[in-house]
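Q: Here you go, this is start.cif (mmCIF, C-alpha atoms and all ligand atoms).
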data_input
loop_
_atom_site.label_atom_id
_atom_site.label_comp_id
_atom_site.auth_asym_id
_atom_site.auth_seq_id
_atom_site.Cartn_x
_atom_site.Cartn_y
_atom_site.Cartn_z
CA MET A 1 45.23 75.90 34.77
CA GLY A 2 47.01 77.27 31.68
CA PRO A 3 47.58 75.12 28.62
CA VAL A 4 49.65 72.10 29.57
CA LYS A 5 52.67 71.37 27.42
CA ALA A 6 54.84 68.27 27.36
CA SER A 7 57.28 66.65 24.99
CA PRO A 8 55.89 63.90 22.71
CA GLN A 9 57.98 61.34 24.67
CA THR A 10 56.40 62.46 27.94
CA GLN A 11 52.95 62.36 26.37
CA LEU A 12 53.60 58.77 25.31
CA ARG A 13 54.27 57.92 28.97
CA LEU A 14 50.61 58.77 29.60
CA LEU A 15 49.62 55.82 27.43
CA GLU A 16 51.72 53.54 29.62
CA LEU A 17 50.07 55.06 32.67
CA ALA A 18 46.65 54.49 31.11
CA ASP A 19 47.52 50.83 30.43
CA LEU A 20 48.66 50.35 34.03
CA ASP A 21 45.57 52.11 35.39
CA ALA A 22 43.43 49.85 33.25
CA GLU A 23 45.26 46.83 34.61
CA LEU A 24 44.83 48.05 38.18
CA ALA A 25 41.11 48.57 37.57
CA ARG A 26 40.89 45.11 36.04
CA LEU A 27 42.60 43.58 39.09
CA ASP A 28 40.31 45.47 41.44
CA HIS A 29 37.30 44.28 39.48
CA ARG A 30 38.60 40.73 39.57
CA ARG A 31 39.14 40.89 43.31
CA ARG A 32 35.57 42.11 43.89
CA GLY A 33 34.11 39.56 41.52
CA LEU A 34 36.00 36.48 42.72
CA PRO A 35 33.57 33.55 42.48
CA GLU A 36 34.98 32.20 45.77
CA VAL A 37 33.76 35.33 47.57
CA ALA A 38 30.18 34.80 46.38
CA GLU A 39 30.45 31.08 47.09
CA LEU A 40 31.67 31.75 50.62
CA ALA A 41 28.84 34.19 51.25
CA ARG A 42 26.36 31.53 50.10
CA LEU A 43 27.97 28.88 52.33
CA GLU A 44 28.05 31.25 55.29
CA ALA A 45 24.36 32.01 54.86
CA ARG A 46 23.62 28.28 54.80
CA ALA A 47 25.82 27.70 57.86
CA SER A 48 23.88 30.33 59.76
CA GLU A 49 20.57 28.70 58.72
CA LEU A 50 21.88 25.35 59.94
CA LYS A 51 22.98 26.84 63.22
CA ASP A 52 19.52 28.31 63.83
CA ALA A 53 17.82 25.07 62.80
CA LEU A 54 20.04 23.11 65.19
CA VAL A 55 19.17 25.42 68.08
CA VAL A 56 15.45 25.00 67.33
CA THR A 57 15.83 21.20 67.10
CA GLU A 58 17.82 20.95 70.34
CA THR A 59 15.26 23.12 72.14
CA GLU A 60 12.40 20.95 70.86
CA LEU A 61 14.28 17.83 71.95
CA GLY A 62 14.71 19.28 75.43
CA ASP A 63 11.00 20.16 75.66
CA LEU A 64 10.11 16.71 74.41
CA ALA A 65 12.32 14.94 76.96
CA ARG A 66 10.59 16.85 79.77
CA GLU A 67 7.15 16.07 78.32
CA GLN A 68 8.06 12.41 77.97
CA SER A 69 9.24 11.99 81.55
CA ARG A 70 6.11 13.76 82.76
CA ALA A 71 3.92 11.36 80.77
CA GLU A 72 5.94 8.36 82.00
CA ARG A 73 5.51 9.54 85.57
CA ASP A 74 1.75 9.79 84.98
CA VAL A 75 1.68 6.24 83.61
CA ASP A 76 3.54 5.01 86.72
CA GLN A 77 1.07 6.74 89.01
CA VAL A 78 -1.89 5.21 87.21
CA ARG A 79 -0.26 1.77 87.35
CA THR A 80 0.36 2.14 91.06
CA ARG A 81 -3.28 3.03 91.64
CA ILE A 82 -4.45 0.09 89.53
CA ASP A 83 -2.19 -2.26 91.49
CA ARG A 84 -3.47 -0.89 94.78
CA ASP A 85 -7.12 -1.19 93.71
CA ARG A 86 -6.51 -4.71 92.43
CA ALA A 87 -4.84 -5.69 95.68
CA ARG A 88 -7.90 -4.44 97.57
CA LEU A 89 -10.22 -6.36 95.26
CA ASP A 90 -8.12 -9.54 95.38
CA ALA A 91 -7.82 -9.41 99.16
CA GLY A 92 -11.59 -9.34 99.39
CA GLN A 93 -11.41 -6.24 101.55
CA VAL A 94 -14.37 -4.71 99.79
CA SER A 95 -17.63 -6.51 100.32
CA ALA A 96 -20.34 -3.91 99.99
CA ALA A 97 -21.83 -4.25 96.49
CA ARG A 98 -21.91 -0.53 95.78
CA GLU A 99 -18.33 0.02 96.90
CA LEU A 100 -17.22 -3.01 94.86
CA ALA A 101 -18.91 -1.70 91.73
CA SER A 102 -17.40 1.71 92.20
CA LEU A 103 -13.90 0.23 92.69
CA GLN A 104 -14.26 -1.95 89.59
CA SER A 105 -15.41 1.00 87.57
CA GLU A 106 -12.43 3.00 88.86
CA VAL A 107 -10.04 0.24 87.75
CA GLU A 108 -11.64 0.25 84.29
CA SER A 109 -11.32 3.98 83.91
CA LEU A 110 -7.72 3.82 85.18
CA HIS A 111 -6.96 1.24 82.47
CA ARG A 112 -8.38 3.58 79.82
CA ARG A 113 -6.32 6.41 81.24
CA GLN A 114 -3.21 4.20 81.22
CA GLY A 115 -3.86 3.30 77.57
CA ASP A 116 -4.24 6.96 76.62
CA LEU A 117 -1.07 7.93 78.44
CA GLU A 118 0.92 5.10 76.91
CA GLU A 119 -0.21 6.26 73.49
CA VAL A 120 1.02 9.76 74.32
CA VAL A 121 4.39 8.34 75.38
CA LEU A 122 4.63 6.41 72.11
CA GLU A 123 3.84 9.50 70.05
CA LEU A 124 6.44 11.48 71.96
CA MET A 125 9.04 8.77 71.34
CA GLU A 126 8.28 8.77 67.62
CA ARG A 127 8.57 12.56 67.51
CA LYS A 128 11.83 12.29 69.41
CA GLU A 129 13.24 9.84 66.87
CA GLU A 130 12.27 12.18 64.03
CA LEU A 131 13.91 15.12 65.75
CA GLU A 132 17.05 13.14 66.53
CA SER A 133 17.45 12.07 62.93
CA ARG A 134 16.83 15.68 61.83
CA ARG A 135 19.49 16.82 64.30
CA ASP A 136 21.92 14.22 62.90
CA GLU A 137 21.24 15.37 59.33
CA LEU A 138 21.78 19.00 60.30
CA THR A 139 25.00 18.14 62.14
CA THR A 140 26.33 16.16 59.18
CA GLU A 141 25.56 18.99 56.78
CA ARG A 142 27.10 21.55 59.14
CA ASP A 143 30.32 19.52 59.40
CA SER A 144 30.67 19.01 55.64
CA LEU A 145 29.83 22.67 55.10
CA GLY A 146 32.64 23.55 57.48
CA SER A 147 35.24 21.69 55.46
CA GLU A 148 33.83 23.07 52.22
CA MET A 149 34.13 26.59 53.58
CA THR A 150 37.72 25.98 54.62
CA ALA A 151 38.56 24.78 51.10
CA VAL A 152 36.81 27.70 49.38
CA ALA A 153 38.44 30.20 51.75
CA ALA A 154 41.87 28.73 50.89
CA LYS A 155 41.12 29.10 47.17
CA ARG A 156 39.94 32.67 47.71
CA ASP A 157 43.07 33.52 49.69
CA ALA A 158 45.29 32.10 46.96
CA ALA A 159 43.44 34.13 44.31
CA VAL A 160 43.63 37.29 46.44
CA ASN A 161 47.36 36.77 47.00
CA GLU A 162 47.94 36.44 43.28
CA ILE A 163 45.92 39.60 42.60
CA ASP A 164 47.82 41.42 45.36
CA GLU A 165 51.12 40.45 43.79
CA GLN A 166 50.09 41.64 40.33
CA GLU A 167 48.63 44.78 41.81
CA SER A 168 51.78 45.59 43.70
CA LYS A 169 53.89 45.14 40.53
CA ALA A 170 51.56 47.33 38.46
CA SER A 171 51.37 49.89 41.21
CA ASP A 172 55.20 50.08 41.52
CA ARG A 173 55.53 50.44 37.79
CA ARG A 174 52.86 53.15 37.79
CA GLY A 175 54.74 55.02 40.51
CA GLN A 176 57.95 54.93 38.46
CA ILE A 177 56.24 56.26 35.34
CA ALA A 178 54.20 58.87 37.20
CA ALA A 179 57.46 60.16 38.69
CA GLU A 180 58.67 60.89 35.16
CA VAL A 181 55.58 62.87 34.20
CA PRO A 182 55.53 66.60 35.05
CA ALA A 183 53.16 67.51 37.87
CA ASP A 184 50.77 69.67 35.79
CA LEU A 185 50.31 66.98 33.15
CA LEU A 186 49.88 64.25 35.77
CA LYS A 187 47.30 66.38 37.56
CA LEU A 188 45.34 66.85 34.34
CA TYR A 189 45.58 63.15 33.57
CA ASP A 190 44.36 62.16 37.06
CA GLN A 191 41.51 64.68 36.92
CA ILE A 192 40.22 63.24 33.67
CA ARG A 193 40.75 59.71 34.93
CA SER A 194 38.72 60.35 38.08
CA THR A 195 35.69 61.38 36.02
CA ARG A 196 36.09 59.27 32.88
CA GLY A 197 37.91 56.19 34.13
CA VAL A 198 40.62 56.57 31.47
CA GLY A 199 42.78 59.70 31.42
CA ALA A 200 44.60 59.43 28.11
CA ALA A 201 44.12 57.61 24.83
CA ALA A 202 46.11 57.20 21.66
CA LEU A 203 45.12 58.77 18.39
CA ARG A 204 45.33 55.87 16.00
CA ALA A 205 44.39 55.98 12.35
CA GLY A 206 42.42 59.17 12.91
CA ARG A 207 40.42 57.61 15.74
CA CYS A 208 40.40 58.35 19.48
CA GLU A 209 41.02 55.08 21.26
CA GLY A 210 39.28 56.43 24.35
CA CYS A 211 35.81 56.94 22.88
CA HIS A 212 36.48 55.04 19.63
CA LEU A 213 35.17 57.87 17.48
CA SER A 214 36.88 58.95 14.29
CA LEU A 215 37.90 62.57 14.27
CA ASN A 216 36.56 64.79 11.51
CA THR A 217 38.83 66.47 8.99
CA VAL A 218 38.61 69.84 10.71
CA ASP A 219 39.78 68.43 14.05
CA LEU A 220 42.50 66.38 12.38
CA ASN A 221 43.73 69.51 10.60
CA VAL A 222 43.83 71.38 13.92
CA ILE A 223 45.93 68.57 15.40
CA ARG A 224 48.22 68.53 12.36
CA ALA A 225 48.81 72.25 12.85
CA SER A 226 49.50 71.91 16.58
CA ALA A 227 53.01 71.97 17.98
CA PRO A 228 54.28 68.50 19.07
CA ASP A 229 54.50 69.60 22.71
CA GLU A 230 50.92 70.80 22.83
CA VAL A 231 48.70 68.54 24.90
CA ILE A 232 45.62 67.80 22.82
CA ARG A 233 42.19 66.75 24.11
CA CYS A 234 39.65 64.68 22.27
CA GLU A 235 36.72 66.94 21.30
CA GLU A 236 34.28 64.11 22.02
CA CYS A 237 35.43 62.55 25.30
CA ARG A 238 37.85 65.26 26.52
CA ARG A 239 40.54 62.69 27.24
CA ILE A 240 44.14 63.58 26.51
CA LEU A 241 44.75 62.50 22.94
CA VAL A 242 48.30 61.26 22.48
CA ARG A 243 49.80 61.38 19.03
CA THR A 244 51.69 58.24 17.95
CA PRO A 245 53.42 57.26 14.70
CA GLU A 246 50.18 55.41 13.81
CA SER A 247 47.99 58.46 14.29
CA GLY A 248 47.31 58.85 10.58
CA LEU A 249 48.14 62.53 10.56
ZN ZN B 1 37.75 60.48 22.53
#
So, in terms of structure tokens, how does the structure I just supplied come out?
A:
Amino acid sequence: MGPVKASPQTQLRLLELADLDAELARLDHRRRGLPEVAELARLEARASELKDALVVTETELGDLAREQSRAERDVDQVRTRIDRDRARLDAGQVSAARELASLQSEVESLHRRQGDLEEVVLELMERKEELESRRDELTTERDSLGSEMTAVAAKRDAAVNEIDEQESKASDRRGQIAAEVPADLLKLYDQIRSTRGVGAAALRAGRCEGCHLSLNTVDLNVIRASAPDEVIRCEECRRILVRTPESGL
């Protein structure tokens, strides 16, 4: 690309472009850094934890219900056998001493078994109560999390809409200005912008506003000697250096 030339007025347009590009970058940064986005991600992570915890709790409750009815069935069976043995004893059907002793000992051991099983049923019921209250807590938190997420999402959407509006205005304005800048100058500006973030900067009071370094006397003298339509680059940051009435030349 040969040396790019442009009238001082056109070069000044580059500063407007740079301002708009900075605003667009600021808006993009704001959109990415919206606190609502991070907050929503945190809430979503918690919601997914709650969902998993609820599945685990419901599964445990199901297992427990099956275990409980099995234990209750066992208790019933033992009771039935005790009743039957008692009936035999009470009816005096058993007279032989050895048989009597064996039946009495069976009734005793059945009572112990019944006691053990009833204890198991009680433990299962306690565990069930704990799990049910845990399930209720999880459900309550999930529901309130749901409404919180809806509120945060609405806030995020409002913020995004506002950013979109500002972005569309800045972008329109940029398009209008870019249309007034000759293609070779715009290409140079965009090339520098893609590598350095900012394509053009003003020379103000002998200082490049892109890299904020003061130019030395030699460089300032070179600029003083340059034709107004020459496009100058900062020796430090290589950005297009636009001369303004405040350049201090
Ligand atoms: Zn510079």
Q: When you count all atoms listed in the file, which of these residues is closest to Pro3 (chain A): A:Ser247, A:Arg204, A:Arg193, A:Leu188?
A: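 Checking each of A:Ser247, A:Arg204, A:Arg193, A:Leu188 against Pro3 (chain A), counting all atoms listed in the file, the winner is A:Leu188.
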Q: Pick out the residues no farther than 10 Å from ligand ZN 1 (chain B), counting all atoms listed in the file, and list them as a list of chain:residue names.
A: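 For ligand ZN 1 (chain B), the residues inside 10 Å are A:Ala200, A:Ala201, A:Ala202, A:Leu203, A:Arg207, A:Cys208, A:Glu209, A:Gly210, A:Cys211, A:His212, A:Leu213, A:Ser214, A:Leu215, A:Arg233, A:Cys234, A:Glu235, A:Glu236, A:Cys237, A:Arg238, A:Arg239, A:Ile240, A:Leu241.
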Q: I need the residue nearest Pro182 (chain A) from this list: A:Leu220, A:Ala96, A:Leu20, A:Ala6. Use all atoms listed in the file for the distance.
A: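 Going through A:Leu220, A:Ala96, A:Leu20, A:Ala6 one by one, the smallest distance to Pro182 (chain A) is for A:Ala6.
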Q: What does the structure give for the distance between CA of Leu103 (chain A) and CA of Ile82 (chain A), in Å to one decimal?
A: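 Computed distance, CA of Leu103 (chain A) to CA of Ile82 (chain A), equals 10.0 Å.
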Q: Please provide as a list in words all residues within 9 Å of region 126-133 of chain A, with the sequence filter that same-chain residues fewer than 3 positions apart are discarded (counting only C-alpha atoms).
A: Thr57, Glu58, Glu60, Leu61, Leu64, Ala65, Val121, Leu122, Glu123, Asp136, Glu137 and Leu138 of chain A
Q: With only C-alpha atoms as the basis for distance, which of A:Gly146, A:Pro8, A:Gly33, A:Gly62 is at the shortest distance from Pro228 (chain A)?
A: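 That would be A:Pro8, the residue with the smallest distance to Pro228 (chain A).
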Q: Name the closest residue to Leu14 (chain A) among the candidates A:Thr244, A:Ser69, A:Asn161, A:Gln114; distances are taken between atoms, counting all atoms listed in the file.
A: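 Answer, going by the shortest atom-to-atom distance: A:Thr244.
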Q: Can you tell me which residues surround Arg30 (chain A) at a distance of at most 12 Å, considering only C-alpha atoms, apart from same-chain residues fewer than 3 positions away, and format the answer as a PDB file with C-alpha atoms, keeping the file's coordinate frame?
A:
ATOM      1  CA  GLU A  23      45.260  46.830  34.610  1.00  0.00           C
ATOM      2  CA  LEU A  24      44.830  48.050  38.180  1.00  0.00           C
ATOM      3  CA  ALA A  25      41.110  48.570  37.570  1.00  0.00           C
ATOM      4  CA  ARG A  26      40.890  45.110  36.040  1.00  0.00           C
ATOM      5  CA  LEU A  27      42.600  43.580  39.090  1.00  0.00           C
ATOM      6  CA  GLY A  33      34.110  39.560  41.520  1.00  0.00           C
ATOM      7  CA  LEU A  34      36.000  36.480  42.720  1.00  0.00           C
ATOM      8  CA  PRO A  35      33.570  33.550  42.480  1.00  0.00           C
ATOM      9  CA  GLU A  36      34.980  32.200  45.770  1.00  0.00           C
ATOM     10  CA  VAL A  37      33.760  35.330  47.570  1.00  0.00           C
ATOM     11  CA  ARG A 156      39.940  32.670  47.710  1.00  0.00           C
ATOM     12  CA  ALA A 159      43.440  34.130  44.310  1.00  0.00           C
ATOM     13  CA  VAL A 160      43.630  37.290  46.440  1.00  0.00           C
ATOM     14  CA  GLU A 162      47.940  36.440  43.280  1.00  0.00           C
ATOM     15  CA  ILE A 163      45.920  39.600  42.600  1.00  0.00           C
ATOM     16  CA  ASP A 164      47.820  41.420  45.360  1.00  0.00           C
ATOM     17  CA  GLN A 166      50.090  41.640  40.330  1.00  0.00           C
ATOM     18  CA  GLU A 167      48.630  44.780  41.810  1.00  0.00           C
TER      19      GLU A 167
END
Q: Between CA of Ala38 (chain A) and CA of Ala158 (chain A), what is the spacing in Å?
A: 15.4 Å
Q: Take region 66-101 of chain A, model N, CA and C atoms, and hand the result over as a PDB file, in the frame of the given file.
A:
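Result file is rebuild.pdb:
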ATOM      1  N   ARG A  66      11.332  16.503  78.539  1.00  0.00           N
ATOM      2  CA  ARG A  66      10.590  16.850  79.770  1.00  0.00           C
ATOM      3  C   ARG A  66       9.157  16.327  79.685  1.00  0.00           C
ATOM      4  N   GLU A  67       8.528  16.513  78.513  1.00  0.00           N
ATOM      5  CA  GLU A  67       7.150  16.070  78.320  1.00  0.00           C
ATOM      6  C   GLU A  67       7.052  14.548  78.463  1.00  0.00           C
ATOM      7  N   GLN A  68       8.065  13.872  77.927  1.00  0.00           N
ATOM      8  CA  GLN A  68       8.060  12.410  77.970  1.00  0.00           C
ATOM      9  C   GLN A  68       8.183  11.907  79.414  1.00  0.00           C
ATOM     10  N   SER A  69       9.089  12.521  80.187  1.00  0.00           N
ATOM     11  CA  SER A  69       9.240  11.990  81.550  1.00  0.00           C
ATOM     12  C   SER A  69       8.013  12.312  82.392  1.00  0.00           C
ATOM     13  N   ARG A  70       7.353  13.445  82.059  1.00  0.00           N
ATOM     14  CA  ARG A  70       6.110  13.760  82.760  1.00  0.00           C
ATOM     15  C   ARG A  70       5.051  12.695  82.440  1.00  0.00           C
ATOM     16  N   ALA A  71       4.905  12.357  81.198  1.00  0.00           N
ATOM     17  CA  ALA A  71       3.920  11.360  80.770  1.00  0.00           C
ATOM     18  C   ALA A  71       4.239   9.992  81.376  1.00  0.00           C
ATOM     19  N   GLU A  72       5.538   9.644  81.430  1.00  0.00           N
ATOM     20  CA  GLU A  72       5.940   8.360  82.000  1.00  0.00           C
ATOM     21  C   GLU A  72       5.635   8.304  83.505  1.00  0.00           C
ATOM     22  N   ARG A  73       5.848   9.460  84.151  1.00  0.00           N
ATOM     23  CA  ARG A  73       5.510   9.540  85.570  1.00  0.00           C
ATOM     24  C   ARG A  73       4.009   9.326  85.780  1.00  0.00           C
ATOM     25  N   ASP A  74       3.203   9.953  84.899  1.00  0.00           N
ATOM     26  CA  ASP A  74       1.750   9.790  84.980  1.00  0.00           C
ATOM     27  C   ASP A  74       1.353   8.335  84.810  1.00  0.00           C
ATOM     28  N   VAL A  75       1.989   7.660  83.848  1.00  0.00           N
ATOM     29  CA  VAL A  75       1.680   6.240  83.610  1.00  0.00           C
ATOM     30  C   VAL A  75       2.004   5.437  84.871  1.00  0.00           C
ATOM     31  N   ASP A  76       3.142   5.729  85.498  1.00  0.00           N
ATOM     32  CA  ASP A  76       3.540   5.010  86.720  1.00  0.00           C
ATOM     33  C   ASP A  76       2.504   5.194  87.831  1.00  0.00           C
ATOM     34  N   GLN A  77       2.065   6.461  87.955  1.00  0.00           N
ATOM     35  CA  GLN A  77       1.070   6.740  89.010  1.00  0.00           C
ATOM     36  C   GLN A  77      -0.210   5.956  88.795  1.00  0.00           C
ATOM     37  N   VAL A  78      -0.659   5.942  87.526  1.00  0.00           N
ATOM     38  CA  VAL A  78      -1.890   5.210  87.210  1.00  0.00           C
ATOM     39  C   VAL A  78      -1.700   3.721  87.495  1.00  0.00           C
ATOM     40  N   ARG A  79      -0.545   3.190  87.102  1.00  0.00           N
ATOM     41  CA  ARG A  79      -0.260   1.770  87.350  1.00  0.00           C
ATOM     42  C   ARG A  79      -0.301   1.451  88.839  1.00  0.00           C
ATOM     43  N   THR A  80       0.335   2.349  89.612  1.00  0.00           N
ATOM     44  CA  THR A  80       0.360   2.140  91.060  1.00  0.00           C
ATOM     45  C   THR A  80      -1.057   2.089  91.638  1.00  0.00           C
ATOM     46  N   ARG A  81      -1.904   3.011  91.139  1.00  0.00           N
ATOM     47  CA  ARG A  81      -3.280   3.030  91.640  1.00  0.00           C
ATOM     48  C   ARG A  81      -4.033   1.770  91.226  1.00  0.00           C
ATOM     49  N   ILE A  82      -3.784   1.333  89.995  1.00  0.00           N
ATOM     50  CA  ILE A  82      -4.450   0.090  89.530  1.00  0.00           C
ATOM     51  C   ILE A  82      -4.022  -1.076  90.428  1.00  0.00           C
ATOM     52  N   ASP A  83      -2.700  -1.161  90.664  1.00  0.00           N
ATOM     53  CA  ASP A  83      -2.190  -2.260  91.490  1.00  0.00           C
ATOM     54  C   ASP A  83      -2.820  -2.227  92.882  1.00  0.00           C
ATOM     55  N   ARG A  84      -2.922  -1.024  93.436  1.00  0.00           N
ATOM     56  CA  ARG A  84      -3.470  -0.890  94.780  1.00  0.00           C
ATOM     57  C   ARG A  84      -4.946  -1.326  94.814  1.00  0.00           C
ATOM     58  N   ASP A  85      -5.693  -0.815  93.783  1.00  0.00           N
ATOM     59  CA  ASP A  85      -7.120  -1.190  93.710  1.00  0.00           C
ATOM     60  C   ASP A  85      -7.292  -2.693  93.546  1.00  0.00           C
ATOM     61  N   ARG A  86      -6.437  -3.264  92.679  1.00  0.00           N
ATOM     62  CA  ARG A  86      -6.510  -4.710  92.430  1.00  0.00           C
ATOM     63  C   ARG A  86      -6.235  -5.493  93.716  1.00  0.00           C
ATOM     64  N   ALA A  87      -5.203  -5.010  94.433  1.00  0.00           N
ATOM     65  CA  ALA A  87      -4.840  -5.690  95.680  1.00  0.00           C
ATOM     66  C   ALA A  87      -6.034  -5.687  96.639  1.00  0.00           C
ATOM     67  N   ARG A  88      -6.731  -4.523  96.679  1.00  0.00           N
ATOM     68  CA  ARG A  88      -7.900  -4.440  97.570  1.00  0.00           C
ATOM     69  C   ARG A  88      -8.986  -5.415  97.119  1.00  0.00           C
ATOM     70  N   LEU A  89      -9.186  -5.465  95.794  1.00  0.00           N
ATOM     71  CA  LEU A  89     -10.220  -6.360  95.260  1.00  0.00           C
ATOM     72  C   LEU A  89      -9.854  -7.823  95.545  1.00  0.00           C
ATOM     73  N   ASP A  90      -8.564  -8.147  95.225  1.00  0.00           N
ATOM     74  CA  ASP A  90      -8.120  -9.540  95.380  1.00  0.00           C
ATOM     75  C   ASP A  90      -8.160  -9.991  96.847  1.00  0.00           C
ATOM     76  N   ALA A  91      -7.865  -9.065  97.742  1.00  0.00           N
ATOM     77  CA  ALA A  91      -7.820  -9.410  99.160  1.00  0.00           C
ATOM     78  C   ALA A  91      -9.228  -9.547  99.748  1.00  0.00           C
ATOM     79  N   GLY A  92     -10.215  -9.243  98.919  1.00  0.00           N
ATOM     80  CA  GLY A  92     -11.590  -9.340  99.390  1.00  0.00           C
ATOM     81  C   GLY A  92     -11.911  -8.344 100.492  1.00  0.00           C
ATOM     82  N   GLN A  93     -11.181  -7.232 100.497  1.00  0.00           N
ATOM     83  CA  GLN A  93     -11.410  -6.240 101.550  1.00  0.00           C
ATOM     84  C   GLN A  93     -12.731  -5.498 101.354  1.00  0.00           C
ATOM     85  N   VAL A  94     -13.155  -5.456 100.073  1.00  0.00           N
ATOM     86  CA  VAL A  94     -14.370  -4.710  99.790  1.00  0.00           C
ATOM     87  C   VAL A  94     -15.516  -5.687  99.595  1.00  0.00           C
ATOM     88  N   SER A  95     -16.541  -5.540 100.415  1.00  0.00           N
ATOM     89  CA  SER A  95     -17.630  -6.510 100.320  1.00  0.00           C
ATOM     90  C   SER A  95     -18.944  -5.844  99.919  1.00  0.00           C
ATOM     91  N   ALA A  96     -19.094  -4.580 100.325  1.00  0.00           N
ATOM     92  CA  ALA A  96     -20.340  -3.910  99.990  1.00  0.00           C
ATOM     93  C   ALA A  96     -20.477  -3.794  98.479  1.00  0.00           C
ATOM     94  N   ALA A  97     -21.622  -4.177  97.934  1.00  0.00           N
ATOM     95  CA  ALA A  97     -21.830  -4.250  96.490  1.00  0.00           C
ATOM     96  C   ALA A  97     -21.574  -2.919  95.805  1.00  0.00           C
ATOM     97  N   ARG A  98     -22.050  -1.826  96.447  1.00  0.00           N
ATOM     98  CA  ARG A  98     -21.910  -0.530  95.780  1.00  0.00           C
ATOM     99  C   ARG A  98     -20.439  -0.097  95.740  1.00  0.00           C
ATOM    100  N   GLU A  99     -19.760  -0.337  96.822  1.00  0.00           N
ATOM    101  CA  GLU A  99     -18.330   0.020  96.900  1.00  0.00           C
ATOM    102  C   GLU A  99     -17.527  -0.806  95.896  1.00  0.00           C
ATOM    103  N   LEU A 100     -17.891  -2.094  95.792  1.00  0.00           N
ATOM    104  CA  LEU A 100     -17.220  -3.010  94.860  1.00  0.00           C
ATOM    105  C   LEU A 100     -17.391  -2.519  93.418  1.00  0.00           C
ATOM    106  N   ALA A 101     -18.618  -2.171  93.093  1.00  0.00           N
ATOM    107  CA  ALA A 101     -18.910  -1.700  91.730  1.00  0.00           C
ATOM    108  C   ALA A 101     -18.134  -0.422  91.436  1.00  0.00           C
TER     109      ALA A 101
END
